[in-house]
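Text of structure.pdb, listed as PDB, C-alpha atoms:
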ATOM      1  CA  MET A   1     -57.058  11.354  49.749  1.00  0.00           C
ATOM      2  CA  ALA A   2     -56.425   7.831  51.060  1.00  0.00           C
ATOM      3  CA  SER A   3     -57.180   4.938  48.778  1.00  0.00           C
ATOM      4  CA  SER A   4     -59.521   2.223  49.898  1.00  0.00           C
ATOM      5  CA  PRO A   5     -58.006  -1.187  50.693  1.00  0.00           C
ATOM      6  CA  LYS A   6     -59.707  -2.724  47.636  1.00  0.00           C
ATOM      7  CA  SER A   7     -57.940  -0.352  45.261  1.00  0.00           C
ATOM      8  CA  ARG A   8     -54.420  -1.054  46.518  1.00  0.00           C
ATOM      9  CA  PRO A   9     -52.465  -2.852  43.769  1.00  0.00           C
ATOM     10  CA  ASP A  10     -50.206  -4.595  46.293  1.00  0.00           C
ATOM     11  CA  LYS A  11     -53.227  -6.108  48.036  1.00  0.00           C
ATOM     12  CA  ASP A  12     -54.616  -7.285  44.671  1.00  0.00           C
ATOM     13  CA  LEU A  13     -51.248  -8.877  43.835  1.00  0.00           C
ATOM     14  CA  SER A  14     -51.084 -10.550  47.238  1.00  0.00           C
ATOM     15  CA  ALA A  15     -54.553 -12.006  46.758  1.00  0.00           C
ATOM     16  CA  ALA A  16     -53.618 -13.216  43.264  1.00  0.00           C
ATOM     17  CA  ALA A  17     -50.406 -14.809  44.570  1.00  0.00           C
ATOM     18  CA  ILE A  18     -52.282 -16.579  47.356  1.00  0.00           C
ATOM     19  CA  SER A  19     -54.874 -17.795  44.860  1.00  0.00           C
ATOM     20  CA  VAL A  20     -52.174 -19.214  42.559  1.00  0.00           C
ATOM     21  CA  PHE A  21     -50.380 -20.831  45.518  1.00  0.00           C
ATOM     22  CA  ASP A  22     -53.636 -22.425  46.696  1.00  0.00           C
ATOM     23  CA  GLN A  23     -54.380 -23.707  43.201  1.00  0.00           C
ATOM     24  CA  VAL A  24     -50.914 -25.257  42.858  1.00  0.00           C
ATOM     25  CA  LYS A  25     -51.252 -26.847  46.301  1.00  0.00           C
ATOM     26  CA  ARG A  26     -54.619 -28.332  45.338  1.00  0.00           C
ATOM     27  CA  ILE A  27     -53.267 -29.749  42.067  1.00  0.00           C
ATOM     28  CA  LYS A  28     -50.266 -31.271  43.839  1.00  0.00           C
ATOM     29  CA  ASN A  29     -52.478 -32.806  46.541  1.00  0.00           C
ATOM     30  CA  GLU A  30     -54.789 -34.296  43.921  1.00  0.00           C
ATOM     31  CA  ASN A  31     -51.835 -35.757  41.970  1.00  0.00           C
ATOM     32  CA  PRO A  32     -49.192 -36.775  44.527  1.00  0.00           C
ATOM     33  CA  GLU A  33     -47.332 -39.335  42.396  1.00  0.00           C
ATOM     34  CA  VAL A  34     -47.087 -37.049  39.371  1.00  0.00           C
ATOM     35  CA  SER A  35     -46.100 -34.180  41.658  1.00  0.00           C
ATOM     36  CA  ARG A  36     -43.232 -36.211  43.161  1.00  0.00           C
ATOM     37  CA  LYS A  37     -42.002 -37.178  39.681  1.00  0.00           C
ATOM     38  CA  ILE A  38     -42.110 -33.549  38.558  1.00  0.00           C
ATOM     39  CA  ASP A  39     -40.203 -32.479  41.673  1.00  0.00           C
ATOM     40  CA  ARG A  40     -37.502 -35.095  40.996  1.00  0.00           C
ATOM     41  CA  LEU A  41     -37.174 -34.031  37.368  1.00  0.00           C
ATOM     42  CA  GLU A  42     -36.984 -30.353  38.363  1.00  0.00           C
ATOM     43  CA  ALA A  43     -34.169 -31.242  40.784  1.00  0.00           C
ATOM     44  CA  GLU A  44     -32.390 -33.083  37.963  1.00  0.00           C
ATOM     45  CA  ILE A  45     -32.765 -30.076  35.667  1.00  0.00           C
ATOM     46  CA  ARG A  46     -31.362 -27.829  38.406  1.00  0.00           C
ATOM     47  CA  LYS A  47     -28.316 -30.095  38.772  1.00  0.00           C
ATOM     48  CA  LYS A  48     -27.710 -29.971  35.018  1.00  0.00           C
ATOM     49  CA  ILE A  49     -27.978 -26.184  34.999  1.00  0.00           C
ATOM     50  CA  VAL A  50     -25.435 -25.989  37.825  1.00  0.00           C
ATOM     51  CA  GLU A  51     -23.207 -28.252  35.721  1.00  0.00           C
ATOM     52  CA  LEU A  52     -23.667 -25.911  32.742  1.00  0.00           C
ATOM     53  CA  ARG A  53     -22.680 -22.985  34.932  1.00  0.00           C
ATOM     54  CA  SER A  54     -19.490 -24.722  36.007  1.00  0.00           C
ATOM     55  CA  HIS A  55     -18.535 -25.245  32.359  1.00  0.00           C
ATOM     56  CA  VAL A  56     -19.372 -21.648  31.454  1.00  0.00           C
ATOM     57  CA  ALA A  57     -17.155 -20.506  34.330  1.00  0.00           C
ATOM     58  CA  LYS A  58     -14.191 -22.056  32.502  1.00  0.00           C
ATOM     59  CA  LEU A  59     -14.687 -19.732  29.535  1.00  0.00           C
ATOM     60  CA  ASP A  60     -12.869 -16.457  29.064  1.00  0.00           C
ATOM     61  CA  PRO A  61     -14.606 -13.881  31.308  1.00  0.00           C
ATOM     62  CA  LYS A  62     -15.466 -11.664  28.334  1.00  0.00           C
ATOM     63  CA  ASP A  63     -17.466 -14.538  26.784  1.00  0.00           C
ATOM     64  CA  ARG A  64     -19.318 -15.797  29.874  1.00  0.00           C
ATOM     65  CA  ASP A  65     -22.258 -13.372  29.822  1.00  0.00           C
ATOM     66  CA  PHE A  66     -22.878 -13.916  26.115  1.00  0.00           C
ATOM     67  CA  VAL A  67     -22.800 -17.709  26.413  1.00  0.00           C
ATOM     68  CA  THR A  68     -24.979 -17.581  29.538  1.00  0.00           C
ATOM     69  CA  VAL A  69     -27.619 -15.540  27.688  1.00  0.00           C
ATOM     70  CA  LEU A  70     -27.542 -18.042  24.820  1.00  0.00           C
ATOM     71  CA  ILE A  71     -27.999 -20.942  27.247  1.00  0.00           C
ATOM     72  CA  VAL A  72     -30.886 -19.245  29.042  1.00  0.00           C
ATOM     73  CA  ASN A  73     -32.504 -18.443  25.708  1.00  0.00           C
ATOM     74  CA  GLY A  74     -32.064 -22.038  24.540  1.00  0.00           C
ATOM     75  CA  ILE A  75     -33.536 -23.470  27.739  1.00  0.00           C
ATOM     76  CA  HIS A  76     -36.473 -21.061  27.568  1.00  0.00           C
ATOM     77  CA  ARG A  77     -37.113 -21.839  23.885  1.00  0.00           C
ATOM     78  CA  THR A  78     -36.939 -25.598  24.535  1.00  0.00           C
ATOM     79  CA  ALA A  79     -39.319 -25.345  27.488  1.00  0.00           C
ATOM     80  CA  ASP A  80     -41.786 -23.363  25.362  1.00  0.00           C
ATOM     81  CA  GLU A  81     -41.569 -25.853  22.486  1.00  0.00           C
ATOM     82  CA  VAL A  82     -41.905 -28.939  24.663  1.00  0.00           C
ATOM     83  CA  LEU A  83     -44.332 -27.774  27.343  1.00  0.00           C
ATOM     84  CA  LEU A  84     -46.523 -25.309  25.460  1.00  0.00           C
ATOM     85  CA  ASP A  85     -46.766 -26.783  21.962  1.00  0.00           C
TER
END
In structure tokens, write the structure found in this file.
Amino acid sequence: MASSPKSRPDKDLSAAAISVFDQVKRIKNENPEVSRKIDRLEAEIRKKIVELRSHVAKLDPKDRDFVTVLIVNGIHRTADEVLLD
């Protein structure tokens, strides 16, 4: 028995993704200056994370994964505390 197009989970996920994308696009268009500032700060954060990675790469290979997990956890925890408090 073939499922109807409305019951396909992948189609529902695609529609949800498009909806989220459209909502983000609308918010960015309504707030261009804030959006540009956020984009610059995200680029700065990315550069710092790349810098972290280069320092972690200098560690003993057996310690790299452990330290990387701790860094990711710390970044995630900080983002939660600062952005979602």
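For the set A:Val82, A:Arg53, A:Arg40, A:Arg8, the residue with the smallest atom-to-atom gap to A:Asp65 is A:Arg53, counting only C-alpha atoms.
Against this structure, the PyMOL selection byres ((chain A and resi 68) around 12) ends up with Ile49, Val50, Leu52, Arg53, Ser54, His55, Val56, Ala57, Leu59, Pro61, Lys62, Asp63, Arg64, Asp65, Phe66, Val67, Val69, Leu70, Ile71, Val72, Asn73, Gly74 and Ile75 of chain A.
The spacing separating atom CA of A:Ala79 from atom CA of A:Val24 amounts to 19.3 Å.
Taking atom CA of A:Glu42 and atom CA of A:Asp22 as the two end points, the separation is 20.2 Å.
Going from atom CA of A:Ile45 over to atom CA of A:His76, you cover 12.7 Å.
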Starting from 6 Å padding per side, set up an axis-aligned box that covers all listed atoms of stretch 28-41 of chain A and hand over centre and edge lengths in Å, one decimal, as JSON.
{"center_x": -46.0, "center_y": -35.3, "center_z": 42.0, "size_x": 29.6, "size_y": 20.1, "size_z": 21.2}
